[in-house]
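Participant: Got start.tsv for you, TSV, C-alpha atoms:
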chain	number	residue	atom	x	y	z
A	1	MET	CA	-29.26	29.67	46.46
A	2	LYS	CA	-32.76	29.18	45.15
A	3	CYS	CA	-34.10	30.40	41.80
A	4	ARG	CA	-37.52	31.93	41.34
A	5	ALA	CA	-39.56	32.47	38.20
A	6	VAL	CA	-39.32	35.85	36.48
A	7	SER	CA	-42.51	37.90	36.76
A	8	CYS	CA	-43.61	41.44	35.97
A	9	ALA	CA	-43.10	42.26	39.66
A	10	ASP	CA	-39.35	41.85	39.07
A	11	ARG	CA	-39.14	44.58	36.44
A	12	LYS	CA	-37.64	47.29	38.68
A	13	ALA	CA	-34.96	44.97	40.00
A	14	PHE	CA	-34.00	43.83	36.52
A	15	GLU	CA	-33.96	47.33	35.12
A	16	ARG	CA	-31.60	48.50	37.88
A	17	GLY	CA	-29.24	45.71	36.86
A	18	LEU	CA	-29.67	46.48	33.16
A	19	ARG	CA	-28.80	50.15	33.73
A	20	ALA	CA	-25.47	49.22	35.33
A	21	ALA	CA	-23.73	49.09	31.95
A	22	PRO	CA	-24.65	50.41	28.48
A	23	ARG	CA	-25.52	47.65	26.00
A	24	ARG	CA	-26.17	47.44	22.27
A	25	LEU	CA	-27.41	43.84	22.08
A	26	SER	CA	-31.17	43.29	22.19
A	27	ALA	CA	-31.10	40.63	24.93
A	28	TYR	CA	-30.52	43.31	27.57
A	29	SER	CA	-34.15	44.27	28.13
A	30	PHE	CA	-36.66	43.11	30.73
A	31	ALA	CA	-39.12	42.18	27.97
A	32	GLN	CA	-36.65	39.60	26.65
A	33	PHE	CA	-36.71	37.71	29.94
A	34	VAL	CA	-40.51	37.54	30.05
A	35	ILE	CA	-41.52	36.81	26.46
A	36	TRP	CA	-39.20	33.79	26.27
A	37	GLN	CA	-41.30	32.15	28.97
A	38	GLY	CA	-43.34	30.95	26.03
A	39	LEU	CA	-40.49	28.50	25.33
A	40	TYR	CA	-38.31	28.31	28.44
A	41	ARG	CA	-38.62	28.19	32.17
A	42	VAL	CA	-36.97	31.52	32.99
A	43	GLU	CA	-35.71	31.83	36.56
A	44	TRP	CA	-33.34	34.11	38.42
A	45	LEU	CA	-31.38	34.54	41.61
A	46	ARG	CA	-28.98	37.03	43.13
A	47	ILE	CA	-25.32	36.17	43.38
A	48	ASP	CA	-23.38	38.82	45.33
A	49	ASN	CA	-26.06	41.37	44.42
A	50	ALA	CA	-25.89	40.56	40.70
A	51	ILE	CA	-29.00	39.26	38.95
A	52	CYS	CA	-28.39	35.98	37.15
A	53	ALA	CA	-31.21	34.77	34.91
A	54	PHE	CA	-31.35	31.18	33.63
A	55	PHE	CA	-33.27	29.81	30.66
A	56	ARG	CA	-34.18	26.17	31.18
A	57	ASP	CA	-35.58	23.62	28.74
A	58	SER	CA	-35.53	19.84	28.34
A	59	LEU	CA	-31.80	19.90	27.57
A	60	GLY	CA	-30.74	21.95	30.56
A	61	SER	CA	-30.00	25.49	31.66
A	62	PHE	CA	-28.10	28.41	30.11
A	63	MET	CA	-27.89	32.19	30.52
A	64	ASN	CA	-29.25	34.36	27.74
A	65	CYS	CA	-27.11	37.29	28.85
A	66	GLU	CA	-24.41	38.25	31.32
A	67	PRO	CA	-25.09	38.64	35.04
A	68	LEU	CA	-26.60	42.08	35.63
A	69	GLY	CA	-25.08	44.46	38.14
A	70	ASP	CA	-22.55	47.18	38.86
A	71	ARG	CA	-19.54	44.94	39.30
A	72	ILE	CA	-19.39	41.44	37.83
A	73	THR	CA	-16.58	39.45	39.44
A	74	SER	CA	-14.96	36.12	38.69
A	75	GLY	CA	-16.78	34.67	41.70
A	76	ILE	CA	-20.19	35.66	40.32
A	77	VAL	CA	-19.37	34.01	36.99
A	78	GLU	CA	-18.10	30.83	38.64
A	79	ASP	CA	-21.20	30.59	40.85
A	80	ALA	CA	-23.44	31.16	37.82
A	81	PHE	CA	-21.76	28.34	35.91
A	82	ALA	CA	-22.05	26.11	39.00
A	83	ALA	CA	-25.80	26.85	39.15
A	84	MET	CA	-26.16	25.84	35.48
A	85	ASP	CA	-24.04	22.71	36.02
A	86	ARG	CA	-26.44	21.51	38.71
A	87	CYS	CA	-29.23	21.44	36.10
A	88	ASN	CA	-27.22	20.09	33.20
A	89	ARG	CA	-26.30	16.47	32.66
A	90	ASN	CA	-23.67	17.69	30.23
A	91	ARG	CA	-21.64	20.63	31.55
A	92	ALA	CA	-20.97	21.68	27.95
A	93	TYR	CA	-24.55	22.98	27.85
A	94	SER	CA	-23.65	25.59	30.50
A	95	ARG	CA	-22.96	28.89	28.74
A	96	ILE	CA	-23.62	32.62	28.64
A	97	GLU	CA	-25.07	33.95	25.39
A	98	ASN	CA	-25.23	37.49	23.98
A	99	VAL	CA	-21.95	38.79	25.35
A	100	GLU	CA	-20.59	41.92	23.71
A	101	GLU	CA	-17.14	42.18	22.19
A	102	ASN	CA	-15.74	44.55	24.80
A	103	ARG	CA	-16.40	41.91	27.49
A	104	ILE	CA	-14.51	39.04	25.87
A	105	GLY	CA	-11.19	39.86	27.52
A	106	PHE	CA	-12.74	39.55	30.99
A	107	TYR	CA	-13.97	36.01	30.31
A	108	ARG	CA	-10.86	34.86	28.52
A	109	ALA	CA	-8.80	35.93	31.53
A	110	LEU	CA	-10.97	33.56	33.60
A	111	GLY	CA	-10.23	30.66	31.24
A	112	TYR	CA	-13.43	30.68	29.18
A	113	GLU	CA	-13.64	30.81	25.40
A	114	ALA	CA	-15.73	33.18	23.28
A	115	VAL	CA	-17.57	31.74	20.28
A	116	PRO	CA	-18.97	34.21	17.69
A	117	LYS	CA	-22.69	34.12	16.89
A	118	GLY	CA	-24.75	36.26	14.54
A	119	GLY	CA	-24.39	40.03	14.90
A	120	GLU	CA	-27.24	42.51	15.29
A	121	TYR	CA	-28.11	45.22	12.78
A	122	VAL	CA	-28.04	48.81	14.05
A	123	TYR	CA	-29.08	51.79	11.93
A	124	GLU	CA	-29.09	55.58	12.12
A	125	ARG	CA	-32.74	56.21	12.92
A	126	VAL	CA	-32.97	59.39	10.90
A	127	ARG	CA	-31.99	57.54	7.71
A	128	LEU	CA	-34.79	55.02	8.23
A	129	ALA	CA	-37.26	57.77	9.02
A	130	ARG	CA	-36.45	59.78	5.87
A	131	LEU	CA	-35.54	57.05	3.37
A	132	ALA	CA	-33.81	59.75	1.36
A	133	GLY	CA	-31.47	59.24	-1.59
A	134	ASP	CA	-30.95	56.60	-4.25
A	135	ALA	CA	-30.02	53.88	-1.74
A	136	TYR	CA	-33.60	53.92	-0.41
A	137	LYS	CA	-35.42	54.66	-3.67
A	138	SER	CA	-37.31	51.34	-3.86
A	139	LYS	CA	-38.32	51.45	-0.19
A	140	ARG	CA	-39.51	55.03	-0.48
A	141	ALA	CA	-41.54	54.06	-3.56
A	142	ALA	CA	-43.09	51.13	-1.67
A	143	CYS	CA	-44.16	53.42	1.19
A	144	ASN	CA	-45.60	55.96	-1.22
A	145	TYR	CA	-47.51	53.26	-3.11
A	146	PHE	CA	-49.07	51.95	0.10
A	147	SER	CA	-50.05	55.46	1.27
A	148	ARG	CA	-51.65	56.31	-2.07
A	149	THR	CA	-53.42	53.01	-2.61
A	150	TYR	CA	-54.92	52.18	0.77
A	151	SER	CA	-56.91	54.18	3.29
A	152	ALA	CA	-54.86	53.00	6.25
A	153	ALA	CA	-54.56	54.03	9.88
A	154	TYR	CA	-51.35	53.79	11.93
A	155	GLU	CA	-52.40	53.38	15.57
A	156	ARG	CA	-51.16	52.45	19.02
A	157	TYR	CA	-51.68	48.77	19.86
A	158	THR	CA	-54.24	47.92	22.55
A	159	PRO	CA	-55.04	44.42	23.87
A	160	SER	CA	-58.42	44.65	22.13
A	161	ARG	CA	-56.44	44.02	18.92
A	162	ARG	CA	-54.80	40.90	20.31
A	163	LYS	CA	-56.91	38.32	18.45
A	164	GLN	CA	-56.59	40.14	15.13
A	165	CYS	CA	-52.81	40.29	15.57
A	166	LEU	CA	-52.58	36.58	16.39
A	167	ASP	CA	-54.77	35.72	13.40
A	168	LEU	CA	-52.50	37.82	11.20
A	169	TYR	CA	-49.43	36.09	12.59
A	170	ASP	CA	-50.94	32.66	11.89
A	171	ARG	CA	-51.67	33.59	8.26
A	172	TRP	CA	-48.21	35.10	7.87
A	173	ALA	CA	-46.47	32.05	9.39
A	174	ASP	CA	-48.53	29.58	7.31
A	175	GLU	CA	-47.54	31.38	4.10
A	176	ARG	CA	-43.87	31.22	5.02
A	177	ALA	CA	-43.96	27.62	6.16
A	178	ALA	CA	-45.60	26.63	2.86
A	179	THR	CA	-42.66	28.01	0.89
A	180	SER	CA	-39.87	26.58	3.05
A	181	ARG	CA	-38.46	23.10	3.55
A	182	ASP	CA	-36.16	24.26	6.32
A	183	ARG	CA	-37.28	22.53	9.51
A	184	ILE	CA	-35.31	24.94	11.67
A	185	TYR	CA	-37.07	27.91	10.10
A	186	THR	CA	-40.55	26.39	10.41
A	187	GLY	CA	-39.74	25.55	14.03
A	188	MET	CA	-38.77	29.17	14.62
A	189	LEU	CA	-42.16	30.26	13.28
A	190	LYS	CA	-43.92	28.13	15.88
A	191	ASP	CA	-41.61	29.31	18.64
A	192	SER	CA	-42.19	32.96	17.79
A	193	ARG	CA	-45.94	32.59	18.19
A	194	SER	CA	-45.52	31.48	21.81
A	195	CYS	CA	-43.45	34.57	22.54
A	196	ILE	CA	-45.72	36.94	20.62
A	197	GLN	CA	-48.71	35.76	22.63
A	198	ILE	CA	-47.01	37.01	25.78
A	199	ALA	CA	-46.02	40.32	24.19
A	200	LEU	CA	-49.58	40.94	23.01
A	201	ARG	CA	-51.12	40.22	26.39
A	202	ARG	CA	-49.54	42.95	28.56
A	203	PRO	CA	-47.06	45.01	26.53
A	204	GLY	CA	-47.02	47.96	28.91
A	205	ALA	CA	-45.96	45.81	31.86
A	206	LEU	CA	-42.97	44.62	29.82
A	207	GLY	CA	-41.90	48.07	28.63
A	208	LEU	CA	-43.03	47.37	25.07
A	209	GLU	CA	-44.37	49.87	22.54
A	210	GLY	CA	-46.80	48.40	20.03
A	211	ARG	CA	-48.31	49.81	16.83
A	212	VAL	CA	-50.75	48.47	14.25
A	213	VAL	CA	-51.71	49.40	10.72
A	214	THR	CA	-55.37	48.86	9.90
A	215	VAL	CA	-57.19	48.94	6.57
A	216	GLN	CA	-60.97	49.24	6.88
A	217	GLY	CA	-60.69	48.40	10.59
A	218	ARG	CA	-58.74	45.20	10.06
A	219	VAL	CA	-55.21	44.77	11.41
A	220	CYS	CA	-52.92	44.24	8.43
A	221	ALA	CA	-49.58	44.80	10.18
A	222	PHE	CA	-48.24	45.13	13.70
A	223	THR	CA	-44.90	45.90	15.29
A	224	PHE	CA	-43.41	45.94	18.80
A	225	GLY	CA	-40.24	47.41	20.22
A	226	TYR	CA	-38.61	48.73	23.35
A	227	LYS	CA	-36.07	51.20	24.69
A	228	LEU	CA	-32.72	49.42	24.75
A	229	SER	CA	-30.64	52.36	25.97
A	230	SER	CA	-30.80	56.15	26.09
A	231	ASP	CA	-29.87	56.35	22.41
A	232	THR	CA	-31.17	53.06	20.96
A	233	PHE	CA	-34.64	51.65	20.31
A	234	CYS	CA	-34.98	47.95	19.45
A	235	ILE	CA	-37.63	46.59	17.10
A	236	LEU	CA	-38.64	43.20	18.42
A	237	TYR	CA	-41.36	42.08	15.98
A	238	GLU	CA	-42.79	43.23	12.67
A	239	ILE	CA	-45.53	41.17	11.04
A	240	ALA	CA	-47.38	42.30	7.93
A	241	ASP	CA	-49.87	41.02	5.37
A	242	LEU	CA	-47.71	41.29	2.27
A	243	SER	CA	-50.72	41.16	-0.05
A	244	PHE	CA	-50.79	44.91	0.73
A	245	LYS	CA	-47.87	46.11	-1.36
A	246	GLY	CA	-45.53	48.37	0.60
A	247	ILE	CA	-47.08	47.74	4.02
A	248	SER	CA	-43.91	46.34	5.57
A	249	GLN	CA	-41.81	49.32	4.50
A	250	TYR	CA	-44.60	51.67	5.59
A	251	ILE	CA	-45.00	50.44	9.18
A	252	PHE	CA	-41.23	50.24	9.64
A	253	ARG	CA	-40.73	53.84	8.49
A	254	GLN	CA	-43.65	55.10	10.59
A	255	PHE	CA	-42.30	53.44	13.72
A	256	CYS	CA	-38.81	54.85	13.09
A	257	GLN	CA	-40.21	58.32	12.49
A	258	GLU	CA	-42.15	58.19	15.73
A	259	MET	CA	-39.17	57.16	17.89
A	260	SER	CA	-37.46	60.50	17.32
A	261	GLN	CA	-35.79	60.63	20.74
A	262	TYR	CA	-33.38	57.85	19.72
A	263	ARG	CA	-30.30	58.03	17.52
A	264	TYR	CA	-30.20	54.34	16.63
A	265	ILE	CA	-32.59	51.53	15.72
A	266	ASN	CA	-31.58	47.92	16.49
A	267	THR	CA	-33.44	45.31	14.42
A	268	MET	CA	-31.73	42.31	16.07
A	269	ASP	CA	-30.00	39.53	14.09
A	270	ASP	CA	-30.95	37.71	10.89
A	271	SER	CA	-31.26	34.22	12.49
A	272	GLY	CA	-28.93	32.90	9.81
A	273	LEU	CA	-31.64	33.31	7.15
A	274	ALA	CA	-30.31	34.49	3.79
A	275	ARG	CA	-33.54	36.30	2.84
A	276	LEU	CA	-33.71	38.18	6.12
A	277	GLN	CA	-30.03	39.04	5.92
A	278	ALA	CA	-30.55	40.54	2.45
A	279	VAL	CA	-33.44	42.69	3.67
A	280	LYS	CA	-31.57	43.96	6.73
A	281	ARG	CA	-28.46	44.77	4.73
A	282	SER	CA	-30.54	46.60	2.14
A	283	TYR	CA	-31.45	49.19	4.78
A	284	ARG	CA	-27.74	50.09	5.09
A	285	PRO	CA	-26.84	49.38	8.73
A	286	ALA	CA	-24.52	51.83	10.46
A	287	MET	CA	-22.96	48.89	12.28
A	288	ILE	CA	-23.38	45.18	12.89
A	289	VAL	CA	-22.81	44.58	16.59
A	290	PRO	CA	-20.96	41.30	17.22
A	291	SER	CA	-22.34	38.85	19.76
A	292	TYR	CA	-20.53	35.98	21.49
A	293	ILE	CA	-21.25	32.86	23.51
A	294	ILE	CA	-19.07	32.32	26.58
A	295	GLN	CA	-18.38	28.69	27.40
A	296	ARG	CA	-15.74	26.40	28.81
A	297	PRO	CA	-13.04	25.31	26.36
A	298	HIS	CA	-13.84	21.91	24.85
A	299	ALA	CA	-11.11	19.29	24.82
Show how you would write the structure in this file as structure tokens.
Facilitator:
Amino acid sequence: MKCRAVSCADRKAFERGLRAAPRRLSAYSFAQFVIWQGLYRVEWLRIDNAICAFFRDSLGSFMNCEPLGDRITSGIVEDAFAAMDRCNRNRAYSRIENVEENRIGFYRALGYEAVPKGGEYVYERVRLARLAGDAYKSKRAACNYFSRTYSAAYERYTPSRRKQCLDLYDRWADERAATSRDRIYTGMLKDSRSCIQIALRRPGALGLEGRVVTVQGRVCAFTFGYKLSSDTFCILYEIADLSFKGISQYIFRQFCQEMSQYRYINTMDDSGLARLQAVKRSYRPAMIVPSYIIQRPHA
């Protein structure tokens, strides 16, 4: 079995595998396999007609999600772990991330253990679009302030805006790095730029929807997301110049209003960051979807 690099030409094959089972976790999107090529060598192969994608770095290889296909058997899982083991000096590095709770029993029956990781925040879209009631009073006020104060345009992203978006990200990341001593967080800021560069280059080929907010022709905020399932839209990135009061709340509400065909909005996890957790909880999630890592039991 030989792996090959993931490319945009593989989108149809991946999406057939992704449609085989409904998912709520954000990892189950073709875009997530491509954008992470900014940090990992992402390769895939078929094992008994299931797509197995491997993320490889200097430490070794792991799977960012389950094998994709109609029927995932014990043999497919064993062969996938064997493929990771061949790349890993330490077999403990072999694992499957982003496994949903209803799949844990299958893996435990095979002798693997499930380790909890951060859950993902899922909201009723209509509540985010309306921001009605006392619970959303401050967010509604922020949106109204931005609309009244600035002559802004909410527009579809085009690659002609790519440089402005990258410049905005760099300013945004520098401001956050300057106020944090957390090396993990500052490392995440650098990692995100590599992924955002890919998203900005060819969003349509990845199934991404992008929007920008401009003030006097200058990009002051941008956001990207994708269809996760028939009823859920996932917001992948949101970057805003916070010197414009209310701009973050404004672009988030506009995007949620626009995606009216979906019942739910997934905003992914909080990366273990207390500030981000507080913001995501303040929007009153309908559910927090648990996520697990599948690995061999450690002695």
Participant: For each of A:Gln254, A:Asn98, A:Thr73, A:Ser260, take the minimum atom-to-atom distance to Tyr292 in chain A, counting all atoms listed in the file, then give the residue where this is smallest.
Facilitator: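 When distances to Tyr292 in chain A are compared using all atoms listed in the file, the smallest one comes from A:Asn98.
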Participant: Which residues are near range 220-226 of chain A? Cut-off 6 Å, all atoms listed in the file, ignore same chain within fewer than 3 positions. Put them as a ChimeraX atom specification.
Facilitator: /A:208-214,233-241
Participant: Would you put the residues from that selection into a file with C-alpha atoms, as a compact mmCIF listing (two decimals), in the coordinates of the input?
Facilitator:
# COMPACT_ATOMS: atom_id res chain seq x y z
CA LEU A 208 -43.03 47.37 25.07
CA GLU A 209 -44.37 49.87 22.54
CA GLY A 210 -46.80 48.40 20.03
CA ARG A 211 -48.31 49.81 16.83
CA VAL A 212 -50.75 48.47 14.25
CA VAL A 213 -51.71 49.40 10.72
CA THR A 214 -55.37 48.86 9.90
CA PHE A 233 -34.64 51.65 20.31
CA CYS A 234 -34.98 47.95 19.45
CA ILE A 235 -37.63 46.59 17.10
CA LEU A 236 -38.64 43.20 18.42
CA TYR A 237 -41.36 42.08 15.98
CA GLU A 238 -42.79 43.23 12.67
CA ILE A 239 -45.53 41.17 11.04
CA ALA A 240 -47.38 42.30 7.93
CA ASP A 241 -49.87 41.02 5.37
Participant: Residues at most 6 Å from range 118-120 of chain A, counting all atoms listed in the file, excluding those fewer than 2 positions away in the same chain, as a VMD selection string?
Facilitator: chain A and resid 268 to 269 288 to 291
Participant: Could you state the separation of CA of Ser26 in chain A and CA of Leu228 in chain A in Å, given to one decimal place?
Facilitator: 6.8 Å
Participant: Rounded to one decimal place, report the CA of Val6 in chain A-CA of Arg201 in chain A distance in Å.
Facilitator: 16.1 Å
Participant: With distances taken over only C-alpha atoms, which residue among A:Leu25, A:Cys3, A:Ala20, A:Leu206 lies nearest Arg46 in chain A?
Facilitator: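 Smallest distance to Arg46 in chain A is found for A:Cys3.
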Participant: Separation of CA of Ala199 in chain A and CA of Arg181 in chain A, in Å?
Facilitator: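 That distance, rounded to one decimal, is 27.9 Å.
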Participant: List the spatial neighbours of range 270-277 of chain A as a PyMOL selection string - criterion: any atom at most 12 Å away, all atoms listed in the file, same-chain residues fewer than 6 positions off excluded.
Facilitator: chain A and resi 117-122+176+180+182+184-186+188-189+283-285+288
Participant: Draw an axis-aligned box tight on the listed atoms of range 46-53 of chain A, then pad every side by 5 Å and write out centre and edge lengths in Å to one decimal as JSON.
Facilitator:
{"center_x": -27.3, "center_y": 38.1, "center_z": 40.1, "size_x": 17.8, "size_y": 16.6, "size_z": 20.4}
Participant: Nearest residue to Arg171 in chain A out of A:Cys87, A:Arg193, A:Ala31, A:Val42, using only C-alpha atoms?
Facilitator: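 Closest candidate: A:Arg193.
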Participant: Considering all atoms listed in the file, can you say which of A:Glu113, A:Phe62, A:Ala205, A:Gln249 comes closest to Asp10 in chain A?
Facilitator: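 So, comparing all the options, the nearest one is A:Ala205.
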